[in-house]
Structure formats: structure tokens, C-alpha cells
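Structure file start09.txt (compact mmCIF, C-alpha atoms) follows.
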```txt
# COMPACT_ATOMS: atom_id res chain seq x y z
CA MET F 70 105.21 114.76 85.69
CA MET F 71 106.51 113.37 88.96
CA ALA F 72 108.49 115.97 90.86
CA VAL F 73 112.20 115.31 91.17
CA ARG F 74 112.68 112.65 93.86
CA ARG F 75 114.72 113.54 96.88
CA ALA F 76 116.24 111.24 99.48
CA LEU F 77 113.47 109.39 101.31
CA LYS F 78 112.75 110.83 104.77
CA ALA F 79 109.20 109.76 105.66
CA VAL F 80 107.01 106.68 105.26
CA LEU F 81 103.23 106.96 105.66
CA VAL F 82 101.49 103.67 106.46
CA ASP F 83 97.80 102.81 106.24
CA LEU F 84 96.42 100.72 109.11
CA ASN F 85 93.40 98.46 108.47
CA GLY F 86 94.15 96.24 105.47
CA THR F 87 97.87 97.04 105.53
CA LEU F 88 99.21 96.43 109.07
CA HIS F 89 96.18 94.52 110.33
CA ILE F 90 92.73 93.33 109.31
CA GLU F 91 90.42 94.08 112.23
CA ASP F 92 91.86 92.01 115.12
CA ALA F 93 94.54 90.12 113.20
CA ALA F 94 97.95 91.46 112.25
CA VAL F 95 99.21 90.97 108.69
CA PRO F 96 101.84 88.18 109.06
CA GLY F 97 105.28 89.64 109.79
CA ALA F 98 104.04 93.22 110.04
CA GLN F 99 105.23 93.91 113.62
CA GLU F 100 108.73 92.73 112.78
CA ALA F 101 108.77 94.72 109.52
CA LEU F 102 107.73 97.89 111.36
CA LYS F 103 110.67 97.42 113.76
CA ARG F 104 113.03 97.06 110.76
CA LEU F 105 111.62 100.22 109.20
CA ARG F 106 112.00 102.15 112.46
CA SER F 107 115.63 101.11 112.81
CA SER F 108 116.38 103.05 109.61
CA SER F 109 116.59 106.84 109.33
CA VAL F 110 113.00 107.49 108.20
CA ILE F 111 110.14 109.11 110.11
CA VAL F 112 107.07 106.84 110.25
CA ARG F 113 103.49 108.13 110.40
CA PHE F 114 100.23 106.19 110.28
CA VAL F 115 97.34 107.54 108.25
CA THR F 116 93.88 106.07 108.39
CA ASN F 117 90.40 106.77 107.09
CA THR F 118 88.86 104.57 109.78
CA THR F 119 85.70 106.07 111.21
CA LYS F 120 84.58 102.94 113.09
CA GLU F 121 86.40 103.76 116.31
CA SER F 122 88.08 106.59 118.18
CA LYS F 123 91.83 107.10 118.09
CA GLN F 124 92.04 105.72 121.63
CA ASP F 125 90.28 102.45 120.66
CA LEU F 126 92.45 102.18 117.58
CA LEU F 127 95.61 102.58 119.66
CA GLU F 128 94.48 99.89 122.08
CA ARG F 129 93.74 97.51 119.21
CA LEU F 130 97.25 98.11 117.78
CA LYS F 131 98.90 97.65 121.20
CA LYS F 132 97.07 94.33 121.64
CA LEU F 133 98.50 93.23 118.30
CA GLU F 134 101.94 94.23 119.63
CA PHE F 135 102.52 97.14 117.28
CA ASP F 136 104.76 99.76 118.85
CA ILE F 137 102.88 102.93 117.85
CA SER F 138 102.27 106.13 119.80
CA GLU F 139 99.22 108.39 119.58
CA ASP F 140 101.04 111.37 118.08
CA GLU F 141 102.17 109.21 115.12
CA ILE F 142 98.59 108.50 114.01
CA PHE F 143 96.71 110.92 111.77
CA THR F 144 93.06 109.96 111.25
CA SER F 145 90.32 111.32 109.04
CA LEU F 146 88.28 111.84 112.25
CA THR F 147 90.93 114.31 113.45
CA ALA F 148 90.73 116.09 110.09
CA ALA F 149 86.92 116.21 110.23
CA ARG F 150 86.93 117.63 113.74
CA SER F 151 89.40 120.36 112.68
CA LEU F 152 87.12 121.35 109.79
CA VAL F 153 84.03 121.46 112.03
CA GLU F 154 85.88 123.76 114.46
CA GLN F 155 87.18 125.90 111.61
CA LYS F 156 83.69 126.30 110.11
CA GLN F 157 82.15 126.80 113.59
CA VAL F 158 79.17 124.55 112.76
CA ARG F 159 76.99 122.23 114.88
CA PRO F 160 77.10 118.89 113.11
CA MET F 161 74.62 116.07 112.90
CA LEU F 162 77.16 113.26 113.44
CA LEU F 163 76.44 110.27 111.20
CA VAL F 164 79.35 108.26 112.60
CA ASP F 165 79.77 105.01 114.50
CA ASP F 166 79.07 105.49 118.21
CA ARG F 167 82.62 104.29 118.95
CA ALA F 168 83.99 107.29 117.01
CA LEU F 169 82.06 109.86 119.09
CA PRO F 170 84.86 110.39 121.68
CA ASP F 171 86.86 112.12 118.92
CA PHE F 172 84.11 114.79 118.72
CA LYS F 173 83.91 115.36 122.48
CA GLY F 174 83.01 118.97 123.31
CA ILE F 175 81.59 119.74 119.85
CA GLN F 176 78.08 121.26 119.98
CA THR F 177 75.58 119.04 118.15
CA ASN F 178 72.18 120.34 119.27
CA ASP F 179 70.09 122.11 116.59
CA PRO F 180 72.52 120.95 113.84
CA ASN F 181 73.41 123.11 110.84
CA ALA F 182 75.88 120.71 109.17
CA VAL F 183 76.11 117.00 108.42
CA VAL F 184 79.27 114.96 109.14
CA ILE F 185 79.15 111.48 107.66
CA GLY F 186 81.49 108.53 108.19
CA LEU F 187 80.92 104.79 108.28
CA ALA F 188 77.88 104.26 110.49
CA PRO F 189 76.10 101.00 109.58
CA GLU F 190 73.77 101.24 112.61
CA HIS F 191 72.64 104.73 111.57
CA PHE F 192 72.31 104.29 107.81
CA HIS F 193 68.56 103.80 107.72
CA TYR F 194 65.89 105.79 105.92
CA GLN F 195 64.80 108.00 108.82
CA THR F 196 68.28 109.19 109.74
CA LEU F 197 69.42 109.69 106.15
CA ASN F 198 66.21 111.62 105.48
CA GLN F 199 66.93 113.90 108.45
CA ALA F 200 70.38 114.58 106.97
CA PHE F 201 68.79 115.14 103.55
CA ARG F 202 66.48 117.83 104.97
CA LEU F 203 69.33 119.65 106.72
CA LEU F 204 71.29 119.71 103.44
CA LEU F 205 68.27 121.07 101.56
CA ASP F 206 68.22 123.92 104.11
CA GLY F 207 71.80 124.76 103.15
CA ALA F 208 73.80 122.76 105.72
CA PRO F 209 77.26 121.74 104.42
CA LEU F 210 77.92 118.01 103.89
CA ILE F 211 81.28 116.97 105.36
CA ALA F 212 82.34 113.46 104.33
CA ILE F 213 85.02 111.88 106.49
CA HIS F 214 85.88 109.89 103.38
CA LYS F 215 84.15 108.38 100.35
CA ALA F 216 85.56 104.85 100.15
CA ARG F 217 83.38 102.54 98.07
CA TYR F 218 84.06 99.49 100.25
CA TYR F 219 86.48 98.11 102.83
CA LYS F 220 87.67 94.73 104.12
CA ARG F 221 86.09 93.01 107.12
CA LYS F 222 86.81 89.55 108.51
CA ASP F 223 83.69 88.21 106.77
CA GLY F 224 84.51 89.80 103.39
CA LEU F 225 84.16 93.14 101.62
CA ALA F 226 81.60 95.61 102.98
CA LEU F 227 80.05 98.88 101.76
CA GLY F 228 81.96 101.98 102.82
CA PRO F 229 80.53 105.46 103.46
CA GLY F 230 81.04 106.51 99.82
CA PRO F 231 77.76 105.10 98.46
CA PHE F 232 75.79 106.85 101.25
CA VAL F 233 77.59 110.17 100.79
CA THR F 234 76.93 109.92 97.04
CA ALA F 235 73.23 109.24 97.66
CA LEU F 236 72.94 112.45 99.73
CA GLU F 237 74.90 114.43 97.12
CA TYR F 238 72.64 113.09 94.37
CA ALA F 239 69.42 113.79 96.26
CA THR F 240 70.37 117.35 97.22
CA ASP F 241 72.40 118.29 94.14
CA THR F 242 75.33 119.31 96.33
CA SER F 243 78.94 118.19 96.66
CA ALA F 244 80.43 116.96 99.90
CA ILE F 245 83.63 118.40 101.33
CA VAL F 246 85.82 115.30 101.68
CA VAL F 247 88.47 115.39 104.42
CA GLY F 248 90.17 111.98 104.44
CA LYS F 249 92.29 110.11 101.90
CA PRO F 250 92.64 110.57 98.88
CA GLU F 251 92.46 114.35 99.49
CA LYS F 252 95.78 116.12 98.94
CA THR F 253 95.27 118.28 102.05
CA PHE F 254 94.95 115.13 104.18
CA PHE F 255 98.35 113.82 103.07
CA LEU F 256 99.99 117.24 103.49
CA GLU F 257 98.49 117.58 107.00
CA ALA F 258 99.84 114.14 107.90
CA LEU F 259 103.33 115.25 106.83
CA ARG F 260 103.09 118.52 108.72
CA GLY F 261 105.36 118.42 111.72
CA THR F 262 107.72 115.92 110.09
CA GLY F 263 109.55 118.66 108.22
CA CYS F 264 109.34 116.54 105.06
CA GLU F 265 108.14 117.46 101.58
CA PRO F 266 105.86 115.07 99.63
CA GLU F 267 108.81 114.33 97.28
CA GLU F 268 110.65 112.90 100.29
CA ALA F 269 107.83 110.54 101.30
CA VAL F 270 106.31 107.21 100.35
CA MET F 271 102.84 105.86 101.21
CA ILE F 272 102.05 102.16 101.76
CA GLY F 273 98.42 101.01 101.57
CA ASP F 274 95.90 98.44 100.29
CA ASP F 275 93.53 100.94 98.64
CA CYS F 276 94.67 101.73 95.14
CA ARG F 277 92.68 104.97 94.77
CA ASP F 278 92.59 106.38 98.29
CA ASP F 279 96.05 105.38 99.55
CA VAL F 280 98.24 105.14 96.46
CA GLY F 281 96.47 107.41 93.98
CA GLY F 282 95.93 110.08 96.62
CA ALA F 283 99.55 110.01 97.80
CA GLN F 284 100.92 110.10 94.26
CA ASN F 285 98.66 113.05 93.40
CA ALA F 286 100.16 114.84 96.41
CA GLY F 287 103.70 114.24 95.07
CA MET F 288 104.69 111.11 97.02
CA LEU F 289 105.51 107.61 95.83
CA GLY F 290 102.78 105.01 96.41
CA ILE F 291 103.25 101.33 97.22
CA LEU F 292 100.18 99.10 96.86
CA VAL F 293 100.03 95.94 98.99
CA LYS F 294 97.97 92.90 98.00
CA THR F 295 96.39 92.47 101.45
CA GLY F 296 93.14 93.86 102.90
CA LYS F 297 90.75 95.15 100.25
CA TYR F 298 93.16 94.58 97.35
CA ARG F 299 91.62 92.81 94.35
CA ALA F 300 93.40 91.53 91.24
CA ALA F 301 94.12 94.29 88.69
CA ASP F 302 93.48 97.12 91.19
CA GLU F 303 96.82 98.62 90.13
CA GLU F 304 95.35 99.27 86.66
CA LYS F 305 92.65 101.55 88.11
CA ILE F 306 94.91 104.57 88.57
CA SER F 307 97.15 106.60 86.33
CA PRO F 308 100.05 106.89 86.85
CA PRO F 309 100.10 103.32 88.21
CA PRO F 310 101.53 102.60 91.68
CA TYR F 311 105.30 103.07 91.97
CA LEU F 312 105.30 99.47 93.23
CA THR F 313 102.78 96.69 93.87
CA CYS F 314 103.91 93.97 96.28
CA GLU F 315 102.58 91.09 98.36
CA SER F 316 102.36 92.71 101.79
CA PHE F 317 103.73 95.32 104.21
CA PRO F 318 106.92 93.33 105.03
CA HIS F 319 107.76 93.17 101.30
CA ALA F 320 107.17 96.91 100.98
CA VAL F 321 109.54 97.57 103.89
CA ASP F 322 112.21 95.31 102.32
CA HIS F 323 111.95 97.28 99.08
CA ILE F 324 112.27 100.62 100.89
CA LEU F 325 115.31 99.47 102.89
CA GLN F 326 117.03 98.01 99.82
CA HIS F 327 116.16 100.53 97.10
CA LEU F 328 114.98 103.84 98.52
CA LEU F 329 117.44 104.60 101.32
```

Please re-express this file's structure in C-alpha cells.
Amino acid sequence: MMAVRRALKAVLVDLNGTLHIEDAAVPGAQEALKRLRSSSVIVRFVTNTTKESKQDLLERLKKLEFDISEDEIFTSLTAARSLVEQKQVRPMLLVDDRALPDFKGIQTNDPNAVVIGLAPEHFHYQTLNQAFRLLLDGAPLIAIHKARYYKRKDGLALGPGPFVTALEYATDTSAIVVGKPEKTFFLEALRGTGCEPEEAVMIGDDCRDDVGGAQNAGMLGILVKTGKYRAADEEKISPPPYLTCESFPHAVDHILQHLL
């Protein structure tokens, strides 16, 4: 049962695939974001990206002329770092080198944990085997997220999910997942807004991780047909998305006309 809806106060927006695809903005997205901001809602940006640090991500968004500040972005890298600090472990960081700044100051020598994100340059047998051996010795496996695939300029590409699953399978363990679609991730993103999940809506291109995850946390989910979206994605989750629409600008129009 969906909780009783309350007046909409917050909108969570996914980044890659929803506002932009790598270095290209989704047509009309900058203008739509301005329209959304001129209403009464609080806007936050939530991303599972592990390919770059928050700083790089911000610069990319500024270049695309999106008016977004650092404290509005909640990333799965932030969530992973918090967990590493909480558990007081020394992680082997299987992440893209461009994401390393987000782990600055974390001890990584003589690792006793494995943190895995999207790291195409590091996903080879030797490195994965090193992670495998640590896990066999009892190290926890922390997955930044488990997406099956994502959208690049040249087409769809394998996400970290298949690699996390391989390590889980080989070691008979389960990863602790920190990013979307985890309920705690969405609740953390809302923290500081003073809003309840029933007062929020999530817009994203990933049916399971964006929309399914948000709806499981008590929010409404809007699926956009940009980025990694493929025909009939909306049939993959139950309950289905609150709304499926062409792109971010259409989602904003719907919110402004029907939810406020």
C-alpha cells in the first residue's frame, strides 16, 4: 500500500541519463530545472556514479550550464565513504581513479575490506582475484551499487553489478550495497530537507534503481525514456512507475501542473 500522499515538498533527480548523458545535456533540461526551482519544492540530485569524484561531476554540470551546488548532490561515493568510516576498515578500493579524491584520507594499506564501484581499468583477473582472497579471509564486500548496465555515448555498457555478483558467487557472501535502490540511500538524500518520503518524488532513467528504489522508500517515481531506458522497462517493477514520460522537461511539466 502506498502511504497517504502529502503535499509535494522535494524532488530528487538522477544525473547521468536524466539531466545529461556524459558530456551532452538532455535537450531542454537546463530550462526545465530553472522552472522546477522557481516553484516551492526543494531539489536534490542523487547519483550512483562512481566514475568521477563529486568535484569532477560538478564541473561537468557547470560546463553544461546546470545551476547546481555541491551541497545539493548526494552520491553513492559519499555513502560508501560514510560506511567505511563507520566500520573503521581499510578498504581495497576497486573504483575508477577519478573517484579516488572522494576517499582522500582513508587508510588503504594492508586492506581488510573491499569497496567496489565501476572500475573498467581495474576489472581484470589479477585484481578481482586479490579482492576474492580478501573476502575469503572475512573482509566485508561493500558495493557502491549493483547496476547491471548504464548508458555511454557509444551505447550500453556493463555496470559494477555483474562484477559484484561474481565476487558474491565465488565467496558465497552478500555485498552491503550503499547506493540506489537501497532505502537508506534515499532516506539519507532526504535528510536535511526536513521532508518525509511521502512528500517527495524521484525522477530517473533506471526503472529498478531510481524508480523502484524510490517507490519502495515511500516516494513517487517518474521514469524518463532517456539514458538507459529501454522499451517496456516500466513493466519490470511492481508497483509500476507513478508516471513514465519522454524526458526530464516533461516530468517537470507534470509536477508543476499536477503535483503542486

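Distances here use all atoms listed in the file; by that measure, the residue among F:Asp279, F:Gln157, F:Arg113, F:Gln99 closest to Cys264 of chain F is F:Arg113.
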
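In terms of minimum interatomic distance to Ile324 of chain F, F:Val270 ranks closest within F:Val293, F:Val270, F:Asp223, F:Thr240, counting only C-alpha atoms.
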
Under the rule of at most 10 Å, produce a per-residue listing of segment 164-229 of chain F near segment 142-153 of chain F: chain, number, name, the closest pair of atoms, and the distance in Å, as JSON lines, using only C-alpha atoms.
```
{"residue": "F:Val164", "atom": "CA", "partner": "F:Leu146", "partner_atom": "CA", "distance": 9.6}
{"residue": "F:Ala168", "atom": "CA", "partner": "F:Leu146", "partner_atom": "CA", "distance": 7.9}
{"residue": "F:Leu169", "atom": "CA", "partner": "F:Leu146", "partner_atom": "CA", "distance": 9.5}
{"residue": "F:Asp171", "atom": "CA", "partner": "F:Leu146", "partner_atom": "CA", "distance": 6.8}
{"residue": "F:Phe172", "atom": "CA", "partner": "F:Arg150", "partner_atom": "CA", "distance": 6.4}
{"residue": "F:Lys173", "atom": "CA", "partner": "F:Arg150", "partner_atom": "CA", "distance": 9.5}
{"residue": "F:Ile175", "atom": "CA", "partner": "F:Val153", "partner_atom": "CA", "distance": 8.4}
{"residue": "F:Gln176", "atom": "CA", "partner": "F:Val153", "partner_atom": "CA", "distance": 9.9}
{"residue": "F:Ala182", "atom": "CA", "partner": "F:Val153", "partner_atom": "CA", "distance": 8.7}
{"residue": "F:Val183", "atom": "CA", "partner": "F:Val153", "partner_atom": "CA", "distance": 9.8}
{"residue": "F:Val184", "atom": "CA", "partner": "F:Ala149", "partner_atom": "CA", "distance": 7.8}
{"residue": "F:Ile185", "atom": "CA", "partner": "F:Ala149", "partner_atom": "CA", "distance": 9.5}
{"residue": "F:Gly186", "atom": "CA", "partner": "F:Leu146", "partner_atom": "CA", "distance": 8.6}
{"residue": "F:Ile211", "atom": "CA", "partner": "F:Ala149", "partner_atom": "CA", "distance": 7.5}
{"residue": "F:Ala212", "atom": "CA", "partner": "F:Ala149", "partner_atom": "CA", "distance": 8.0}
{"residue": "F:Ile213", "atom": "CA", "partner": "F:Ser145", "partner_atom": "CA", "distance": 5.9}
{"residue": "F:His214", "atom": "CA", "partner": "F:Ser145", "partner_atom": "CA", "distance": 7.3}
```

field: Separation of atom CA of Phe255 of chain F from atom CA of Tyr311 of chain F, in Å and rounded to one decimal
entry: 16.9 Å

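Pairwise distance (atom CA of Leu133 of chain F, atom CA of Cys314 of chain F) equals 22.7 Å.
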
- request: For atom CA of Thr196 of chain F and atom CA of Glu91 of chain F, determine how far apart the two atoms are, in Å to one decimal place.
  value: 26.9 Å

Report as JSON the centre and the edge lengths, in Å to one decimal, of the axis-aligned box holding every listed atom of segment 297-305 of chain F, padded by 4 Å on each side.
```
{"center_x": 93.8, "center_y": 96.5, "center_z": 93.5, "size_x": 14.1, "size_y": 18.0, "size_z": 21.6}
```

message: Taking all atoms listed in the file into account, name the residue in F:Ala320, F:Leu236, F:Leu197, F:Cys276 that is nearest to Tyr218 of chain F.
response: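 So, comparing all the options, the nearest one is F:Cys276.
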
Which polymer residues have any atom within 12 Å of an atom of Lys252 of chain F, counting only C-alpha atoms, with same-chain residues fewer than 3 positions away left out, as an mmCIF file with C-alpha atoms, keeping the file's coordinate frame?
```cif
data_model
loop_
_atom_site.group_PDB
_atom_site.id
_atom_site.type_symbol
_atom_site.label_atom_id
_atom_site.label_comp_id
_atom_site.auth_asym_id
_atom_site.auth_seq_id
_atom_site.Cartn_x
_atom_site.Cartn_y
_atom_site.Cartn_z
ATOM 1 C CA VAL F 246 85.820 115.300 101.680
ATOM 2 C CA VAL F 247 88.470 115.390 104.420
ATOM 3 C CA GLY F 248 90.170 111.980 104.440
ATOM 4 C CA LYS F 249 92.290 110.110 101.900
ATOM 5 C CA PHE F 255 98.350 113.820 103.070
ATOM 6 C CA LEU F 256 99.990 117.240 103.490
ATOM 7 C CA GLU F 257 98.490 117.580 107.000
ATOM 8 C CA ALA F 258 99.840 114.140 107.900
ATOM 9 C CA LEU F 259 103.330 115.250 106.830
ATOM 10 C CA PRO F 266 105.860 115.070 99.630
ATOM 11 C CA ASP F 278 92.590 106.380 98.290
ATOM 12 C CA ASP F 279 96.050 105.380 99.550
ATOM 13 C CA VAL F 280 98.240 105.140 96.460
ATOM 14 C CA GLY F 281 96.470 107.410 93.980
ATOM 15 C CA GLY F 282 95.930 110.080 96.620
ATOM 16 C CA ALA F 283 99.550 110.010 97.800
ATOM 17 C CA GLN F 284 100.920 110.100 94.260
ATOM 18 C CA ASN F 285 98.660 113.050 93.400
ATOM 19 C CA ALA F 286 100.160 114.840 96.410
ATOM 20 C CA GLY F 287 103.700 114.240 95.070
ATOM 21 C CA MET F 288 104.690 111.110 97.020
#
```

message: Neighbouring residues of Leu329 of chain F were defined as those with any atom within 12 Å, considering only C-alpha atoms; residues of the same chain fewer than 6 positions away were excluded. Please report them as a list in words.
response: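 In the requested format, the answer is Arg74, Arg75, Ala76, Leu77, Lys78, Ala79, Val80, Leu105, Ser108, Ser109, Val110, Glu268, Ala269, Val270, Val321, Asp322 and His323 of chain F.
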
- request: Would you kindly identify which residues have an atom no farther than 9 Å from (82.1, 120.4, 97.9), using all atoms listed in the file and the file's own coordinates, and write them out as a PyMOL selection string?
  value: chain F and resi 209-211+242-246

- request: Give me the residues within 9 Å of Glu141 of chain F as a ChimeraX atom specification, counting all atoms listed in the file and dropping any in the same chain fewer than 4 places off.
  value: /F:112-115,137

message: When you count all atoms listed in the file, which of these residues is closest to Ala94 of chain F: F:Pro318, F:Gly290, F:Pro308, F:Pro160?
response: F:Pro318

- request: Kindly indicate which residue among F:His89, F:His327, F:Arg277, F:Lys294 lies nearest to Glu134 of chain F, using all atoms listed in the file for the distances.
  value: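 Closest to Glu134 of chain F, using all atoms listed in the file: F:His89.
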
task: With a distance cut-off of 9 Å and only C-alpha atoms, select the neighbouring residues of Asp206 of chain F, excluding the residue or stretch itself and same-chain residues fewer than 4 positions from it, and output the selection as JSON, numbers by chain.
output: {"F": [181, 201, 202]}
